[in-house]
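Trainee: Dropping the structure in here first, questions after.
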Amino acid sequence: MKKLAREICIIGVGMHKFGKFLDKDLKELTRVAVWNAINDAGIDANFIEAAYFANVLAGLITGQESIRGQVFLRDAGFERIPIVNVEGACASGTIALREASIAIMAGLYDVVLAVGAEKLYLDDTAKSIQAMSANTDVELMGGLGFQFTGSYAMSLRKYMKQYGWTQQHFAKVASKNKFNGSLNPYAQYRKPMSVEEILNSRLISWPLTLYMCSTMADGSAAAIVCAKDVVGKITNRPPITISACGLQSGEVTGEDDGQRRIARDSYEMAGCGPEDIEVAEVHDAMAPGEMFRIEKLGFCRAEEIARLIDEDYFTLKGELPVNPSGGLAARGHPIGATGLAQIAELVWQMRGEAGARQVAGRNSPFPKVGLAQNSGGYVEGAPAALSITILTK
Amino acid sequence: MVDLAIKKGLIRIPESPGEKPYLIGGRCSTCGYTCFPKKEVCVRCRRNDTMEEIKLGPYAILETFAVMQVGPPGFPPPYIMGYVRTKEGAVVFTLITGCEARDDALELGEEMELIIDKIREDPEGNYLIGWKFRPTGNKNTS
């Protein structure tokens with residue numbers, strides 16, 4: 001694994017609240033996140049030299065294909081500069097961040113915008129649900145009744161058999177994340193829920209109940225990426241360094257589906273290990289998925305996770321807080337925006353700006369090393385796109 | 001209203017009684033990687049001159065499954081989706097039939113059998129035909 005060629009960092013992040021906004025379009029959602037990030041960075045917007053725009057389903061849902069970023073960013077005030085459209089299902093946001101970072105490392109630019117925006121709520125719910133199947137190989141899965149809830153249920157069933165994980169543990173993880181989400185003003189769902197409420201909600205696909213699952217959402221998130229040697233010239237904000245921006249594809253020919261491989265390679269890129277991570281945002285479109293992400297990221301062994309959940313190890317006050325934002329199921333999952341929302345959360349946590357859901361660092365008031373794990377789509381039996389970002393302060 | 005294969009070249013549909021259906025898969029003559037559908041290039045070796053066409057099925061092992069209580073258009077719940085590994089070693093995403101759509105109707109590791117069946121109707125009312133697997137009743141496969 002080669003090292004990053006130039007020091008890069010994030011100087012600003014911003015979001016539009018996730019939720020159901022029937023009266024808002026993608027132009028508005030995009031503009032709000034972008035300008036929140038610009039204002040957060042405290043820079044003159046004219047410093048931005050290029051933009052990477054992540055969106056997944058606007059083409060299928062609204063018909064706006066081909067030049068989505070150019071269309072939606074125009075209303076945010078961007079013409080002239082290069083705009084690159086990025087998609088990789090639910091991992092699109094961190095792919096955009098990575099491409100922005102690479103452009104800076106290549107020496108082409110010093111300041112680049114990465115933004116993800118998605119609008120899934122329409123008057124026609126069936127159309128939105130149908131569009132989600134495009135995040136698979138539609139000939140072999142999407143057209144045959146494949147659903148992402150089922151894919152999580154299938155993985156969890158295997159872990160339950162092998163490691164004794166129970167539906168009770170899954171509800172406990174979901175309850176923890178609902179509580180975290182209740183403290184996050186950008187989250188779609190702000191209501192804390194008990195383990196019993198979650199277990200008693202409608203069955204979606206055993207062992208998953210309704211309140212363990214993400215639903216549709218609208219929303220956006222953005223980050224301003226900057227060469228470290230330039231930061232001091234344009235802002236006083238404390239930079240958060242991007243130490244690793246791993247991107248790989250899933251695999252079906254090996255022992256692992258690719259998730260352990262990208263974790264190992266991303267730690268190597270950052271020059272750290274799983275024991276160094278102080279806060280993590282992981283991809284849990286269904287909250288119990290957090291458990292197998294934790295295992296694949298090497299935070300602990302699969303055999304230990306159920307016990308650690310019972311010991312509140314992954315809560316806001318625990319040894320390793322996971323999904324302090326609420327994760328995908330509570331914060332919401334507007335798919336193209338999700339990855340950058342994970343990044344925004346890490347930046348806020350590492351700066352000490354996360355308000356009521358602020359977590360502590362191990363040897364400092366706020367965490368100094370954070371990890372975002374983001375994955376997108378399904379091909380054959382494995383995630384299509386795998387992404388890990390490691391941030392340091 | 002006609003029967004349409006969901007895509008050409010994926011399955012052999014029996015044309016006479018007694019003939020068994022099969023999936024048209026691929027195997028790498030160098031590394032043995034076995035896949036469905038057939039590919040021209042081995043994903044493990046990344047060579048384009050080693051893949052051979054093989055018949056997959058009818059027997060497979062149930063790797064995992066999920067009973068879906070909600071469904072997209074064309075898939076009325078409850079229904080079962082799952083992954084099976086054919087006797088030849090290919091992993092196949094499939095709908096599961098031939099048993100009640102209940103979590104206690106199947107066990108991981110039990111034997112499954114390929115059938116050709118209606119997957120769904122298209123908007124014109126045609127039947128889209130593809131592969132499904134059903135339990136054979138043999139739960140002791142190890």
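By order in the structure tokens, chains are A, B, ...; within a chain, residues start at 1; ligands start at 1, following the order shown.
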Tell me as a PyMOL selection string which residues belonging to chain A come within 9 Å of chain B, counting only C-alpha atoms.
Mentor: chain A and resi 126+129-130+133+139-141+143-147+149-155+157-158+161+203-207+251-254+380-381
Trainee: Can you tell me which residues surround range 13-19 of chain B at a distance of at most 12 Å, considering only C-alpha atoms, apart from same-chain residues fewer than 5 positions away, and format the answer as a ChimeraX atom specification?
Mentor: /B:3-6,8,24,58,114-117,129-131
Trainee: Near Phe292 in chain A, counting only C-alpha atoms, which residues have an atom at most 12 Å away, once you skip same-chain residues fewer than 5 positions from it, shown as a VMD selection string?
Mentor: chain A and resid 152 to 153 155 to 160 163 165 170 173 259 to 260 282 to 284 286 to 287 297 to 306 373
Trainee: In Å, rounded to a single decimal, give me how far CA of Tyr378 in chain A is from CA of Leu23 in chain B.
Mentor: 21.1 Å
Trainee: Taking 6 positions as the minimum chain separation for residues in the same chain, which residues sit within 8 Å of Ile240 in chain A when counting only C-alpha atoms? Answer as an MDAnalysis selection string.
Mentor: chainID A and resid 9:11 347 350 391:393
Trainee: Can you list, as a PyMOL selection string, every protein, DNA or RNA residue that comes within 10 Å of Lys38 in chain B when you count only C-alpha atoms, leaving out same-chain residues fewer than 6 positions away?
Mentor: chain B and resi 9-10+23-27+51-55
Trainee: From range 62-284 of chain A, collect each residue whose DSSP state is strand (DSSP E) and return the set as a PyMOL selection string.
Mentor: chain A and resi 83-86+111-119+203-205+208-209+218-227+240-249+279-281
Trainee: Find the spatial neighbours of Met193 in chain A, counting only C-alpha atoms, within a cut-off of 9 Å - ignore same-chain residues fewer than 3 positions away - and output them as a list in words.
Mentor: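 With the cut-off at 9 Å, the set is Ala174, Ser175, Lys176, Lys178, Phe179, Glu196, Glu197, Ile198 and Tyr211 of chain A.
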Trainee: Export N, CA and C atoms of the chosen residues as a compact mmCIF listing (two decimals), in the first residue's frame?
Mentor:
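Below you can see again-v3.txt, which holds the result:
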# COMPACT_ATOMS: atom_id res chain seq x y z
N ALA A 174 -29.42 -1.08 17.93
CA ALA A 174 -30.35 -0.12 17.32
C ALA A 174 -30.78 0.93 18.33
N SER A 175 -31.01 0.51 19.57
CA SER A 175 -31.44 1.44 20.62
C SER A 175 -30.33 2.44 20.95
N LYS A 176 -29.10 1.95 21.01
CA LYS A 176 -27.95 2.83 21.23
C LYS A 176 -27.90 3.90 20.13
N LYS A 178 -30.33 4.89 18.09
CA LYS A 178 -31.49 5.80 18.15
C LYS A 178 -31.23 6.88 19.21
N PHE A 179 -30.63 6.48 20.33
CA PHE A 179 -30.31 7.47 21.36
C PHE A 179 -29.31 8.49 20.82
N GLU A 196 -37.24 -2.85 23.91
CA GLU A 196 -38.55 -3.50 23.74
C GLU A 196 -39.31 -2.88 22.57
N GLU A 197 -39.30 -1.54 22.48
CA GLU A 197 -40.00 -0.90 21.36
C GLU A 197 -39.46 -1.38 20.03
N ILE A 198 -38.14 -1.52 19.97
CA ILE A 198 -37.51 -1.94 18.71
C ILE A 198 -37.87 -3.39 18.40
N TYR A 211 -37.65 -0.78 13.28
CA TYR A 211 -36.84 0.28 13.90
C TYR A 211 -35.35 -0.04 13.94
Trainee: Please identify the helix (DSSP H, G or I) residues within range 283-351 of chain A (assignment by DSSP from backbone atoms) and present them as a tab-separated table (two decimals) with C-alpha atoms, in the first residue's frame.
Mentor:
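Result written to out33.tsv:
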chain	number	residue	atom	x	y	z
A	289	GLY	CA	-24.90	-4.47	10.61
A	290	GLU	CA	-22.71	-2.35	12.87
A	291	MET	CA	-21.71	-5.59	14.60
A	292	PHE	CA	-20.16	-7.25	11.57
A	293	ARG	CA	-18.53	-3.99	10.49
A	294	ILE	CA	-16.88	-3.79	13.92
A	295	GLU	CA	-15.55	-7.31	13.50
A	296	LYS	CA	-14.29	-6.78	9.94
A	302	ALA	CA	-16.69	-11.67	16.51
A	303	GLU	CA	-16.87	-13.79	19.68
A	304	GLU	CA	-16.39	-10.70	21.86
A	305	ILE	CA	-18.88	-8.31	20.28
A	306	ALA	CA	-22.05	-9.52	22.02
A	307	ARG	CA	-20.36	-9.22	25.44
A	308	LEU	CA	-18.93	-5.78	24.62
A	309	ILE	CA	-22.39	-4.57	23.59
A	310	ASP	CA	-23.72	-5.71	26.96
A	327	GLY	CA	-25.57	5.79	12.12
A	328	LEU	CA	-27.51	5.21	8.93
A	329	ALA	CA	-30.64	3.84	10.61
A	330	ALA	CA	-31.15	6.83	12.92
A	331	ARG	CA	-29.34	9.70	11.17
A	335	ILE	CA	-27.53	7.22	-0.11
A	336	GLY	CA	-25.26	9.58	-2.06
A	337	ALA	CA	-24.88	11.85	0.98
A	338	THR	CA	-24.25	9.20	3.63
A	339	GLY	CA	-20.46	8.88	3.29
A	340	LEU	CA	-19.87	12.61	3.64
A	341	ALA	CA	-22.25	12.74	6.61
A	342	GLN	CA	-20.00	10.17	8.29
A	343	ILE	CA	-17.03	12.45	7.54
A	344	ALA	CA	-18.84	15.52	8.86
A	345	GLU	CA	-19.59	13.69	12.11
A	346	LEU	CA	-15.96	12.65	12.58
A	347	VAL	CA	-14.75	16.20	11.94
A	348	TRP	CA	-17.20	17.61	14.49
A	349	GLN	CA	-16.23	14.97	17.04
A	350	MET	CA	-12.51	15.53	16.54
A	351	ARG	CA	-12.87	19.31	16.83
Trainee: Could you state the separation of CA of Ala5 in chain A and CA of Val111 in chain A in Å, given to one decimal place?
Mentor: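 A separation of 15.8 Å between them.
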Trainee: Could you jot down the CA of Glu281 in chain A to CA of Ala372 in chain A separation for me, Å, one decimal place?
Mentor: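 We find that CA of Glu281 in chain A and CA of Ala372 in chain A lie 4.8 Å from each other.
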Trainee: Which residues come within 6 Å of Arg134 in chain B, counting only C-alpha atoms, excluding same-chain residues fewer than 5 positions away, as a ChimeraX atom specification?
Mentor: /B:96-98,112-113
Trainee: Just checking: using only C-alpha atoms, which residue out of A:Ser220, A:Ser194, A:Ser266, A:Gln167 ends up closest to Phe72 in chain A?
Mentor: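 Under the stated criterion, the closest residue is A:Ser220.
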Trainee: For Gly376 in chain A, which residue out of A:Phe18, A:Phe53, A:Phe148, A:Tyr267 is the nearest one, using only C-alpha atoms?
Mentor: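 Closest candidate: A:Phe148.
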Trainee: Looking at only C-alpha atoms, which of A:Met216, A:Gly77, A:Ser387, A:Ile67 is the one that sits closest to Gly93 in chain A?
Mentor: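 For Gly93 in chain A, the nearest of the candidates is A:Ser387.
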